[in-house]
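> File model_22.txt below, compact mmCIF, C-alpha atoms:
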```txt
# COMPACT_ATOMS: atom_id res chain seq x y z
CA MET A 1 -4.31 -96.81 -62.90
CA TYR A 2 -3.63 -93.84 -60.76
CA VAL A 3 -0.65 -92.51 -58.94
CA MET A 4 -2.14 -93.18 -55.57
CA ASN A 5 -2.81 -96.85 -56.14
CA GLY A 6 -0.90 -99.12 -53.87
CA PRO A 7 -1.05 -101.05 -50.64
CA ALA A 8 -1.55 -99.25 -47.38
CA GLY A 9 1.30 -98.11 -45.24
CA SER A 10 4.64 -96.58 -46.03
CA THR A 11 4.79 -98.27 -49.41
CA VAL A 12 2.09 -95.89 -50.48
CA SER A 13 4.14 -92.80 -49.89
CA ILE A 14 7.20 -94.31 -51.54
CA GLU A 15 5.21 -95.36 -54.59
CA HIS A 16 3.36 -92.12 -54.42
CA ASP A 17 6.60 -90.14 -54.52
CA ALA A 18 8.00 -92.19 -57.36
CA ALA A 19 4.75 -91.81 -59.31
CA ARG A 20 4.77 -88.07 -58.73
CA LYS A 21 8.31 -87.74 -59.97
CA GLN A 22 7.41 -89.81 -62.99
CA LEU A 23 4.55 -87.47 -63.88
CA VAL A 24 6.77 -84.41 -63.50
CA ALA A 25 9.40 -86.03 -65.72
CA ALA A 26 6.73 -86.88 -68.29
CA LEU A 27 5.54 -83.26 -68.36
CA ALA A 28 9.10 -82.04 -68.93
CA ARG A 29 9.45 -84.42 -71.87
CA ILE A 30 6.07 -83.39 -73.23
CA ALA A 31 7.20 -79.77 -73.14
CA GLY A 32 10.01 -80.85 -75.42
CA GLY A 33 7.56 -82.36 -77.88
CA ASP A 34 7.84 -86.02 -76.82
CA ARG A 35 4.64 -87.81 -77.89
CA ASP A 36 5.54 -90.99 -76.02
CA ALA A 37 5.67 -89.04 -72.80
CA LEU A 38 2.14 -87.78 -73.42
CA ARG A 39 1.02 -91.35 -74.00
CA LEU A 40 2.52 -92.40 -70.65
CA LEU A 41 0.97 -89.45 -68.87
CA TYR A 42 -2.39 -90.33 -70.42
CA ARG A 43 -2.01 -93.97 -69.40
CA ASP A 44 -1.35 -93.02 -65.80
CA THR A 45 -3.86 -90.21 -65.31
CA SER A 46 -6.73 -90.49 -67.79
CA ALA A 47 -8.89 -92.85 -65.70
CA LYS A 48 -8.74 -90.44 -62.79
CA LEU A 49 -9.49 -87.38 -64.91
CA PHE A 50 -12.26 -89.21 -66.78
CA ALA A 51 -13.95 -90.05 -63.48
CA VAL A 52 -13.51 -86.53 -62.08
CA CYS A 53 -15.03 -84.97 -65.22
CA LEU A 54 -17.81 -87.54 -65.42
CA ARG A 55 -18.84 -86.72 -61.88
CA ILE A 56 -19.30 -83.09 -62.99
CA LEU A 57 -20.79 -83.59 -66.46
CA HIS A 58 -22.71 -86.91 -66.15
CA ASP A 59 -22.38 -87.47 -69.90
CA GLU A 60 -19.70 -89.78 -71.25
CA GLY A 61 -19.72 -88.22 -74.71
CA GLU A 62 -19.11 -84.76 -73.31
CA VAL A 63 -16.43 -86.06 -71.00
CA GLU A 64 -14.64 -87.68 -73.93
CA ASP A 65 -14.54 -84.29 -75.65
CA VAL A 66 -13.30 -82.62 -72.50
CA LEU A 67 -10.60 -85.22 -71.99
CA GLN A 68 -9.36 -84.76 -75.52
CA ASP A 69 -9.30 -81.03 -74.94
CA VAL A 70 -7.45 -81.49 -71.64
CA TYR A 71 -4.66 -83.64 -73.03
CA THR A 72 -4.16 -81.58 -76.18
CA THR A 73 -3.97 -78.56 -73.89
CA VAL A 74 -1.38 -80.37 -71.80
CA TRP A 75 0.51 -81.13 -74.99
CA ARG A 76 0.73 -77.46 -75.83
CA ARG A 77 1.09 -76.04 -72.37
CA ALA A 78 3.33 -78.55 -70.61
CA GLY A 79 6.10 -75.96 -70.85
CA THR A 80 4.14 -73.73 -68.49
CA PHE A 81 3.86 -76.37 -65.78
CA ASP A 82 5.97 -75.34 -62.79
CA PRO A 83 6.73 -78.23 -60.41
CA GLY A 84 7.63 -75.67 -57.77
CA ARG A 85 4.05 -74.39 -57.67
CA ALA A 86 1.89 -77.49 -58.05
CA SER A 87 2.13 -81.23 -58.26
CA ALA A 88 1.50 -82.69 -61.69
CA ILE A 89 -1.75 -84.34 -60.66
CA THR A 90 -3.00 -81.15 -59.02
CA TRP A 91 -2.27 -79.26 -62.22
CA LEU A 92 -4.01 -81.87 -64.37
CA VAL A 93 -7.05 -82.10 -62.11
CA ALA A 94 -7.34 -78.30 -62.11
CA ILE A 95 -7.30 -78.14 -65.93
CA ALA A 96 -9.80 -81.00 -66.20
CA ARG A 97 -12.17 -79.53 -63.61
CA ASN A 98 -12.02 -76.05 -65.14
CA ARG A 99 -12.86 -77.41 -68.59
CA SER A 100 -15.69 -79.50 -67.18
CA ILE A 101 -17.15 -76.68 -65.13
CA ASP A 102 -16.99 -74.26 -68.07
CA ARG A 103 -18.77 -76.81 -70.23
CA LEU A 104 -21.37 -77.40 -67.56
CA ARG A 105 -22.00 -73.64 -67.33
CA SER A 106 -22.23 -73.26 -71.10
CA SER A 107 -24.94 -75.89 -71.28
CA ALA A 108 -27.00 -74.02 -68.73
CA ASN A 109 -30.33 -75.41 -69.91
CA ALA A 110 -29.20 -78.97 -69.62
CA ALA A 111 -27.85 -78.22 -66.19
CA ARG A 112 -31.16 -76.76 -65.08
CA SER A 113 -33.14 -79.81 -66.05
CA ARG A 114 -30.58 -82.00 -64.38
CA THR A 115 -30.90 -79.96 -61.22
CA LEU A 116 -34.59 -80.74 -61.11
CA ASP A 117 -33.88 -84.43 -61.55
CA GLU A 118 -31.36 -84.35 -58.81
CA ALA A 119 -32.98 -81.83 -56.57
CA ALA A 120 -32.49 -84.00 -53.53
CA ASP A 121 -29.27 -85.50 -54.70
CA VAL A 122 -26.46 -84.20 -52.57
CA ARG A 123 -24.44 -87.20 -51.80
CA ASP A 124 -22.93 -87.33 -48.38
CA ASP A 125 -19.62 -88.47 -49.68
CA ALA A 126 -17.93 -89.93 -46.71
CA PRO A 127 -14.58 -91.01 -48.06
CA SER A 128 -14.77 -94.54 -49.43
CA ALA A 129 -12.63 -97.38 -48.18
CA LEU A 130 -10.65 -97.03 -51.38
CA ALA A 131 -10.02 -93.39 -50.66
CA GLN A 132 -8.77 -94.26 -47.20
CA ILE A 133 -6.27 -96.63 -48.69
CA GLU A 134 -5.28 -94.07 -51.27
CA SER A 135 -5.12 -91.36 -48.70
CA SER A 136 -2.13 -89.11 -48.82
CA ASP A 137 -0.91 -86.83 -46.05
CA GLU A 138 -2.49 -83.85 -47.80
CA HIS A 139 -5.77 -85.68 -48.07
CA ARG A 140 -5.79 -86.63 -44.40
CA ARG A 141 -5.00 -83.04 -43.52
CA LEU A 142 -7.98 -81.77 -45.48
CA MET A 143 -10.22 -84.47 -44.00
CA ASP A 144 -9.22 -83.43 -40.49
CA CYS A 145 -10.03 -79.82 -41.24
CA LEU A 146 -13.33 -80.66 -42.97
CA SER A 147 -14.31 -82.64 -39.88
CA GLU A 148 -13.97 -79.48 -37.80
CA LEU A 149 -16.72 -77.83 -39.85
CA GLU A 150 -20.44 -78.26 -39.22
CA PRO A 151 -21.20 -81.61 -40.87
CA ARG A 152 -23.67 -80.10 -43.35
CA HIS A 153 -21.18 -77.37 -44.26
CA ALA A 154 -18.56 -80.01 -44.98
CA VAL A 155 -21.06 -81.86 -47.18
CA ALA A 156 -21.72 -78.65 -49.10
CA VAL A 157 -18.00 -77.96 -49.66
CA ARG A 158 -17.34 -81.50 -50.78
CA SER A 159 -20.35 -81.60 -53.05
CA ALA A 160 -19.46 -78.24 -54.60
CA PHE A 161 -15.98 -79.44 -55.44
CA LEU A 162 -16.89 -82.88 -56.73
CA ASP A 163 -20.03 -81.89 -58.65
CA GLY A 164 -18.85 -78.46 -59.83
CA VAL A 165 -22.26 -76.89 -59.29
CA THR A 166 -23.07 -73.21 -58.81
CA TYR A 167 -24.17 -71.65 -55.53
CA GLU A 168 -27.70 -71.56 -56.94
CA GLU A 169 -27.82 -75.26 -57.70
CA LEU A 170 -26.17 -76.18 -54.47
CA ALA A 171 -28.71 -74.13 -52.52
CA GLN A 172 -31.56 -75.74 -54.44
CA ARG A 173 -30.24 -79.22 -53.85
CA MET A 174 -29.80 -78.69 -50.16
CA ASN A 175 -33.05 -76.80 -49.95
CA LEU A 176 -31.55 -73.63 -48.52
CA PRO A 177 -31.78 -69.94 -49.38
CA LEU A 178 -29.00 -68.82 -51.74
CA GLY A 179 -27.61 -66.37 -49.20
CA THR A 180 -27.34 -69.04 -46.56
CA MET A 181 -25.46 -71.32 -48.93
CA LYS A 182 -23.03 -68.54 -49.82
CA SER A 183 -22.31 -67.78 -46.23
CA TRP A 184 -21.87 -71.48 -45.39
CA ILE A 185 -19.33 -71.93 -48.16
CA ARG A 186 -17.47 -68.70 -47.54
CA ARG A 187 -17.25 -69.28 -43.83
CA SER A 188 -16.15 -72.86 -44.47
CA LEU A 189 -13.38 -71.73 -46.82
CA LEU A 190 -12.09 -69.23 -44.26
CA ARG A 191 -12.18 -71.81 -41.49
CA LEU A 192 -10.54 -74.44 -43.68
CA ARG A 193 -7.74 -72.05 -44.47
CA GLU A 194 -7.23 -71.28 -40.80
CA CYS A 195 -7.17 -74.96 -39.94
CA LEU A 196 -4.89 -75.95 -42.85
CA GLU A 197 -2.35 -73.33 -41.85
CA ARG A 198 -2.32 -74.26 -38.23
CA MET B 1 -25.16 -57.59 -57.74
CA SER B 2 -23.90 -57.57 -54.20
CA ASP B 3 -21.91 -60.77 -54.66
CA GLU B 4 -19.81 -59.46 -57.49
CA PRO B 5 -16.45 -61.19 -57.12
CA THR B 6 -14.59 -57.99 -58.00
CA ARG B 7 -15.57 -56.59 -54.64
CA ASP B 8 -14.82 -59.63 -52.70
CA SER B 9 -11.18 -59.13 -51.96
CA ASP B 10 -12.14 -56.09 -49.92
CA ASP B 11 -14.52 -57.87 -47.59
CA ASN B 12 -12.42 -60.94 -46.97
CA THR B 13 -14.47 -63.25 -49.16
CA PRO B 14 -12.30 -66.15 -50.29
CA VAL B 15 -13.18 -65.65 -53.94
CA ALA B 16 -10.18 -67.69 -55.13
CA GLY B 17 -11.52 -70.56 -53.05
CA GLU B 18 -14.98 -70.06 -54.52
CA TYR B 19 -13.49 -70.13 -58.00
CA VAL B 20 -11.60 -73.36 -57.36
CA LEU B 21 -14.55 -74.93 -55.61
CA GLY B 22 -16.56 -74.21 -58.75
CA VAL B 23 -19.55 -72.41 -57.27
CA LEU B 24 -19.28 -69.28 -59.44
CA GLY B 25 -21.42 -68.78 -62.54
CA ALA B 26 -19.94 -68.44 -66.03
CA ALA B 27 -19.76 -64.64 -66.04
CA GLU B 28 -18.26 -64.53 -62.57
CA ARG B 29 -15.67 -67.10 -63.60
CA ARG B 30 -14.64 -65.05 -66.62
CA ALA B 31 -14.46 -61.88 -64.52
CA PHE B 32 -12.36 -63.63 -61.92
CA GLU B 33 -10.01 -65.09 -64.54
CA ALA B 34 -9.50 -61.63 -66.01
CA ARG B 35 -8.54 -60.33 -62.57
CA MET B 36 -6.31 -63.30 -61.95
CA ALA B 37 -4.43 -62.69 -65.21
CA ARG B 38 -3.35 -59.32 -63.82
CA ASP B 39 -2.88 -60.26 -60.20
CA PRO B 40 -0.15 -62.76 -59.24
CA GLN B 41 -1.37 -62.76 -55.64
CA LEU B 42 -4.79 -63.96 -56.76
CA ARG B 43 -3.16 -66.57 -58.95
CA ALA B 44 -1.16 -67.81 -55.95
CA GLU B 45 -4.39 -68.05 -53.96
CA VAL B 46 -5.97 -70.14 -56.68
CA GLU B 47 -2.95 -72.42 -56.69
CA TYR B 48 -3.24 -72.72 -52.92
CA TRP B 49 -6.85 -73.89 -53.14
CA GLU B 50 -6.17 -76.13 -56.11
CA ARG B 51 -3.49 -77.83 -54.05
CA ARG B 52 -5.58 -78.04 -50.89
CA LEU B 53 -8.98 -78.97 -52.33
CA GLY B 54 -7.56 -80.91 -55.27
CA VAL B 55 -6.85 -83.88 -53.02
CA LEU B 56 -10.62 -84.51 -52.90
CA ALA B 57 -10.23 -85.87 -56.42
CA SER B 58 -8.48 -88.88 -54.90
CA GLU B 59 -11.90 -89.95 -53.60
CA VAL B 60 -13.30 -90.36 -57.09
CA LYS B 61 -12.84 -93.91 -58.24
CA PRO B 62 -10.96 -94.03 -61.56
CA ILE B 63 -12.91 -95.09 -64.65
CA ASP B 64 -11.07 -96.03 -67.83
CA PRO B 65 -12.08 -93.88 -70.79
CA PRO B 66 -12.86 -95.67 -74.08
CA PRO B 67 -9.80 -96.24 -76.31
CA ARG B 68 -11.09 -93.84 -78.96
CA VAL B 69 -10.26 -90.91 -76.67
CA TRP B 70 -6.55 -91.57 -76.90
CA ALA B 71 -6.84 -92.28 -80.62
CA ASN B 72 -8.37 -88.83 -81.09
CA ILE B 73 -5.72 -87.16 -78.98
CA GLU B 74 -2.97 -88.91 -80.89
CA ALA B 75 -4.48 -87.77 -84.16
CA ALA B 76 -4.80 -84.21 -82.88
CA ILE B 77 -1.13 -83.97 -81.95
CA ALA B 78 0.24 -85.82 -84.97
CA PRO B 79 2.84 -83.69 -86.78
CA SER B 80 1.42 -84.61 -90.17
CA SER B 81 -2.06 -83.26 -89.50
CA GLY B 82 -1.88 -80.03 -91.43
CA ARG B 83 -4.37 -78.15 -89.33
CA GLY B 84 -3.28 -79.80 -86.13
CA GLY B 85 -1.51 -78.44 -83.14
CA LEU B 86 -1.41 -74.72 -82.93
CA TRP B 87 -4.28 -73.83 -85.17
CA GLN B 88 -6.73 -76.05 -83.36
CA ASN B 89 -5.76 -74.16 -80.32
CA LEU B 90 -8.49 -71.54 -80.45
CA PRO B 91 -9.56 -71.81 -76.80
CA PHE B 92 -5.92 -71.33 -75.88
CA TRP B 93 -5.66 -68.17 -77.96
CA ARG B 94 -8.73 -66.70 -76.40
CA TRP B 95 -7.61 -67.64 -72.98
CA ALA B 96 -4.04 -66.54 -73.35
CA THR B 97 -4.87 -63.23 -74.94
CA ALA B 98 -7.56 -62.25 -72.48
CA GLY B 99 -6.66 -59.54 -70.07
CA ALA B 100 -3.84 -57.15 -70.11
CA VAL B 101 -3.29 -56.29 -73.76
CA ALA B 102 -4.30 -52.79 -72.78
CA LEU B 103 -1.28 -52.39 -70.54
CA ALA B 104 1.22 -53.04 -73.29
CA ALA B 105 -0.82 -50.98 -75.70
CA ALA B 106 -0.62 -48.06 -73.32
CA CYS B 107 3.14 -48.41 -73.02
CA LEU B 108 3.75 -48.51 -76.73
CA LEU B 109 1.05 -46.02 -77.51
CA ALA B 110 3.17 -43.39 -75.82
CA LEU B 111 6.07 -44.41 -77.98
CA LEU B 112 4.36 -44.87 -81.31
CA TYR B 113 1.54 -42.41 -81.21
CA VAL B 114 3.98 -39.62 -81.89
CA VAL B 115 5.04 -41.31 -85.11
CA ARG B 116 1.70 -40.82 -86.79
CA ALA B 117 -1.99 -40.76 -86.13
CA PRO B 118 -3.91 -43.99 -86.84
CA ALA B 119 -4.17 -44.39 -90.58
CA PRO B 120 -4.93 -47.29 -92.95
CA ASN B 121 -1.38 -48.47 -92.49
CA SER B 122 -1.03 -47.58 -88.85
CA PRO B 123 1.30 -49.65 -86.70
CA LEU B 124 0.09 -52.89 -85.17
CA ILE B 125 0.89 -54.08 -81.70
CA ALA B 126 0.56 -57.40 -79.91
CA LYS B 127 1.27 -58.29 -76.34
CA LEU B 128 2.25 -61.94 -76.22
CA GLU B 129 1.32 -63.45 -72.91
CA ALA B 130 2.30 -66.67 -71.23
CA SER B 131 -0.25 -68.93 -69.61
CA GLY B 132 0.00 -67.15 -66.28
CA GLY B 133 -1.04 -63.92 -67.95
CA GLN B 134 2.33 -62.26 -67.45
CA ALA B 135 3.77 -60.40 -70.40
CA SER B 136 6.36 -62.38 -72.25
CA PHE B 137 6.92 -60.30 -75.36
CA VAL B 138 5.67 -57.15 -76.93
CA ALA B 139 5.72 -56.99 -80.71
CA THR B 140 5.09 -54.07 -83.04
CA ILE B 141 4.74 -54.07 -86.81
CA ASP B 142 5.19 -51.01 -88.92
CA PRO B 143 3.41 -51.79 -92.19
CA ARG B 144 5.19 -48.95 -94.00
CA ASP B 145 8.49 -50.78 -94.03
CA ALA B 146 7.13 -54.27 -93.21
CA GLY B 147 9.35 -54.41 -90.16
CA LEU B 148 8.48 -56.31 -87.00
CA THR B 149 10.18 -55.65 -83.69
CA ILE B 150 9.71 -58.07 -80.82
CA VAL B 151 10.95 -57.24 -77.34
CA PRO B 152 11.16 -59.82 -74.54
CA ALA B 153 9.49 -58.71 -71.33
CA SER B 154 9.83 -61.66 -68.99
CA VAL B 155 11.03 -64.87 -70.49
CA ALA B 156 12.92 -67.50 -68.58
CA PRO B 157 16.02 -68.49 -70.53
CA VAL B 158 15.34 -71.62 -72.52
CA SER B 159 18.44 -73.71 -72.82
CA GLU B 160 19.00 -75.80 -75.92
CA ARG B 161 15.74 -74.82 -77.50
CA ALA B 162 14.93 -72.16 -80.02
CA LEU B 163 12.08 -69.68 -79.78
CA GLU B 164 10.18 -69.46 -83.04
CA LEU B 165 7.74 -66.70 -83.88
CA TRP B 166 4.57 -67.47 -85.83
CA LEU B 167 1.95 -65.40 -87.57
CA ILE B 168 -1.54 -66.87 -87.70
CA ALA B 169 -3.99 -64.99 -89.87
CA PRO B 170 -7.65 -65.86 -89.19
CA GLY B 171 -8.45 -69.12 -90.95
CA GLU B 172 -4.85 -69.72 -91.98
CA LYS B 173 -2.12 -72.06 -90.91
CA PRO B 174 0.71 -70.63 -88.81
CA GLN B 175 3.48 -69.00 -90.87
CA SER B 176 6.96 -68.89 -89.43
CA LEU B 177 8.44 -65.44 -89.02
CA GLY B 178 11.76 -66.84 -87.88
CA LEU B 179 13.64 -67.35 -84.65
CA ILE B 180 13.72 -64.79 -81.88
CA GLU B 181 15.66 -64.44 -78.66
CA ALA B 182 14.68 -64.41 -75.01
CA GLY B 183 17.46 -62.00 -74.08
CA ARG B 184 17.17 -59.15 -76.58
CA ALA B 185 14.91 -57.31 -78.98
CA VAL B 186 14.86 -58.72 -82.49
CA HIS B 187 13.94 -56.89 -85.67
CA ILE B 188 12.52 -58.98 -88.48
CA ALA B 189 11.99 -57.80 -92.04
CA LEU B 190 8.74 -59.48 -93.02
CA PRO B 191 8.69 -61.44 -96.28
CA ALA B 192 6.55 -59.80 -98.95
CA ARG B 193 4.30 -62.87 -99.27
CA LEU B 194 3.22 -62.46 -95.66
CA ILE B 195 2.33 -58.79 -95.73
CA GLY B 196 -1.22 -59.50 -96.86
CA GLY B 197 -1.86 -61.70 -93.85
CA ILE B 198 -0.80 -59.07 -91.39
CA ALA B 199 -3.71 -57.19 -89.98
CA ALA B 200 -5.53 -56.63 -86.78
CA GLN B 201 -7.01 -59.96 -85.60
CA ALA B 202 -4.01 -61.96 -86.73
CA THR B 203 -2.22 -63.70 -83.88
CA LEU B 204 1.45 -63.84 -83.07
CA ALA B 205 2.69 -66.84 -81.12
CA VAL B 206 6.03 -68.08 -79.83
CA SER B 207 6.72 -71.79 -79.64
CA LEU B 208 9.63 -73.82 -78.31
CA GLU B 209 11.41 -75.62 -81.12
CA PRO B 210 14.56 -77.66 -81.66
CA PRO B 211 17.73 -75.63 -82.30
CA GLY B 212 17.48 -74.10 -85.73
CA GLY B 213 13.69 -73.95 -85.63
CA SER B 214 10.78 -76.21 -86.43
CA PRO B 215 11.79 -78.99 -88.80
CA THR B 216 8.28 -79.27 -90.23
CA GLY B 217 7.43 -75.68 -91.04
CA GLN B 218 4.66 -75.84 -88.43
CA PRO B 219 4.94 -75.41 -84.67
CA THR B 220 6.05 -78.67 -83.07
CA GLY B 221 6.72 -77.64 -79.48
CA PRO B 222 4.55 -75.99 -76.85
CA VAL B 223 3.34 -72.44 -77.35
CA ILE B 224 4.84 -70.36 -74.57
CA ALA B 225 3.22 -67.04 -75.42
CA SER B 226 0.69 -65.61 -77.82
CA GLY B 227 -1.29 -62.48 -78.49
CA LYS B 228 -3.53 -60.80 -81.06
CA LEU B 229 -2.41 -57.92 -83.20
CA THR B 230 -4.40 -54.75 -82.70
CA ASN B 231 -4.29 -51.42 -84.47
CA LEU B 232 -2.82 -48.57 -82.59
```
If you convert what's in this file into structure tokens, what do you get?


Amino acid sequence: MYVMNGPAGSTVSIEHDAARKQLVAALARIAGGDRDALRLLYRDTSAKLFAVCLRILHDEGEVEDVLQDVYTTVWRRAGTFDPGRASAITWLVAIARNRSIDRLRSSANAARSRTLDEAADVRDDAPSALAQIESSDEHRRLMDCLSELEPRHAVAVRSAFLDGVTYEELAQRMNLPLGTMKSWIRRSLLRLRECLER
Amino acid sequence: MSDEPTRDSDDNTPVAGEYVLGVLGAAERRAFEARMARDPQLRAEVEYWERRLGVLASEVKPIDPPPRVWANIEAAIAPSSGRGGLWQNLPFWRWATAGAVALAAACLLALLYVVRAPAPNSPLIAKLEASGGQASFVATIDPRDAGLTIVPASVAPVSERALELWLIAPGEKPQSLGLIEAGRAVHIALPARLIGGIAAQATLAVSLEPPGGSPTGQPTGPVIASGKLTNL
């Protein structure tokens, strides 16, 4: 189960808020060495993190290792979580993605062969119906700003984030010169920032 | 290479966004992380993008991991596992000690270099950093009198919990060096049995413990700062 589960409408944000607070409280208890709190945090977030990492690594065995690494890291570093700077789920997703991306980079050969297999595989991930239901204000905000980009640029940004691939692989997959891909992404990031701060 | 991230802040390239997006290669990621450890502004940028782009994760449909994953985690954090917890934390050590050791070394070099030139028993220094890369403590050991001095640099006061200092020699379990304080420098006379384990490459770490210190003789709470000892 995930913090954003819930029926559509205002109930979502109420449940969402409560779930967020619960995660923050769990992290505070974990920082104090409470193993039960880690178990609760794992129960509420592991399916999401597993899926996020699997999307990047495509290998369940590797993702299991990463997940173990992520939660033992959380166990040790919960004291460094600052609720004033990030939400708990943002913090967890960031740790999980960083571990997954580093692992993907360290198995560069495997990644290369996978790139060939998936050369044409850049999914145009229009948000699923589920995602719409789960949608938070922040998510809608990002969607609005992504929709202001060139559609193919938005696909590239989304694919980069979800698949964790390098500029090189992204360019290959979308059949573009590396320099073009870099300028697409960089321009998109600058425009996203402008839009998000509007 | 013209796309070196170290140059990017000058030409308005959103390198923090690139880092969070995940499009950088391994070497670029390490280089960026080293910069970020020294640059709070860059860290704030990364947090901005993690917050903004992180919501895309809500589009990934959750998949339950197999039960053995939790079983492994539980085993890894169990207090009874002798080698558990801190010592298994190698990636953390590497990560937490990367970066600005040089800064602290430079500060204390000025102070200690006058004492004596590097010799077989020259002083050791460690900068203990928190996860954000900011200095939390600076420790020095003078092997001649087996004295360790640890000075807090930037530690938020920790109510109701003790700060315990640990020595981890390569391949060894953490050894407690005693409790320290967030508000003042502490001098610790090192026990004779530990002297042999104190050398460059050993790590000092500070963990949060119950009042009075760890009940188990091993770290039980989170590690808030750590750093490797280096010869001056």

> For chain B against chain A, which residues fall within 9 Å using all atoms listed in the file, given as number ranges by chain?

B: 12-15, 17-18, 20-26, 29, 44, 47-66, 68-70, 72-74, 76-78, 85-86, 89, 92, 130-132, 161, 208-210, 220-224

> So how many Å separate atom CA of Leu232 of chain B and atom CA of Leu163 of chain B, to one decimal?

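Going from atom CA of Leu232 of chain B over to atom CA of Leu163 of chain B, I get 26.0 Å.
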
> Can you list, as a PyMOL selection string, every protein, DNA or RNA residue that comes within 6 Å of segment 190-204 of chain B when you count all atoms listed in the file, leaving out same-chain residues fewer than 4 positions away?

chain B and resi 146-147+166-170+226-231

> Keeping C-alpha atoms, export the residues of the selection given above as a tab-separated table (two decimals), in the frame of the given file.


```tsv
chain	number	residue	atom	x	y	z
B	146	ALA	CA	7.13	-54.27	-93.21
B	147	GLY	CA	9.35	-54.41	-90.16
B	166	TRP	CA	4.57	-67.47	-85.83
B	167	LEU	CA	1.95	-65.40	-87.57
B	168	ILE	CA	-1.54	-66.87	-87.70
B	169	ALA	CA	-3.99	-64.99	-89.87
B	170	PRO	CA	-7.65	-65.86	-89.19
B	226	SER	CA	0.69	-65.61	-77.82
B	227	GLY	CA	-1.29	-62.48	-78.49
B	228	LYS	CA	-3.53	-60.80	-81.06
B	229	LEU	CA	-2.41	-57.92	-83.20
B	230	THR	CA	-4.40	-54.75	-82.70
B	231	ASN	CA	-4.29	-51.42	-84.47
```

> Within 12 Å of (8.2, -75.3, -88.3) in the file's own coordinates, which protein, DNA or RNA residues have an atom, counting all atoms listed in the file? List them as a count of residues only.

34

> Please, what distance in Å, to one decimal, runs between atom CA of Ala126 of chain B and atom CA of Val138 of chain B?

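Atom CA of Val138 of chain B lies at a distance of 5.9 Å from atom CA of Ala126 of chain B.
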
> If I take atom CA of Val155 of chain A and atom CA of Met181 of chain A, how far is one from the other in Å, to one decimal?

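So the answer is 11.6 Å.
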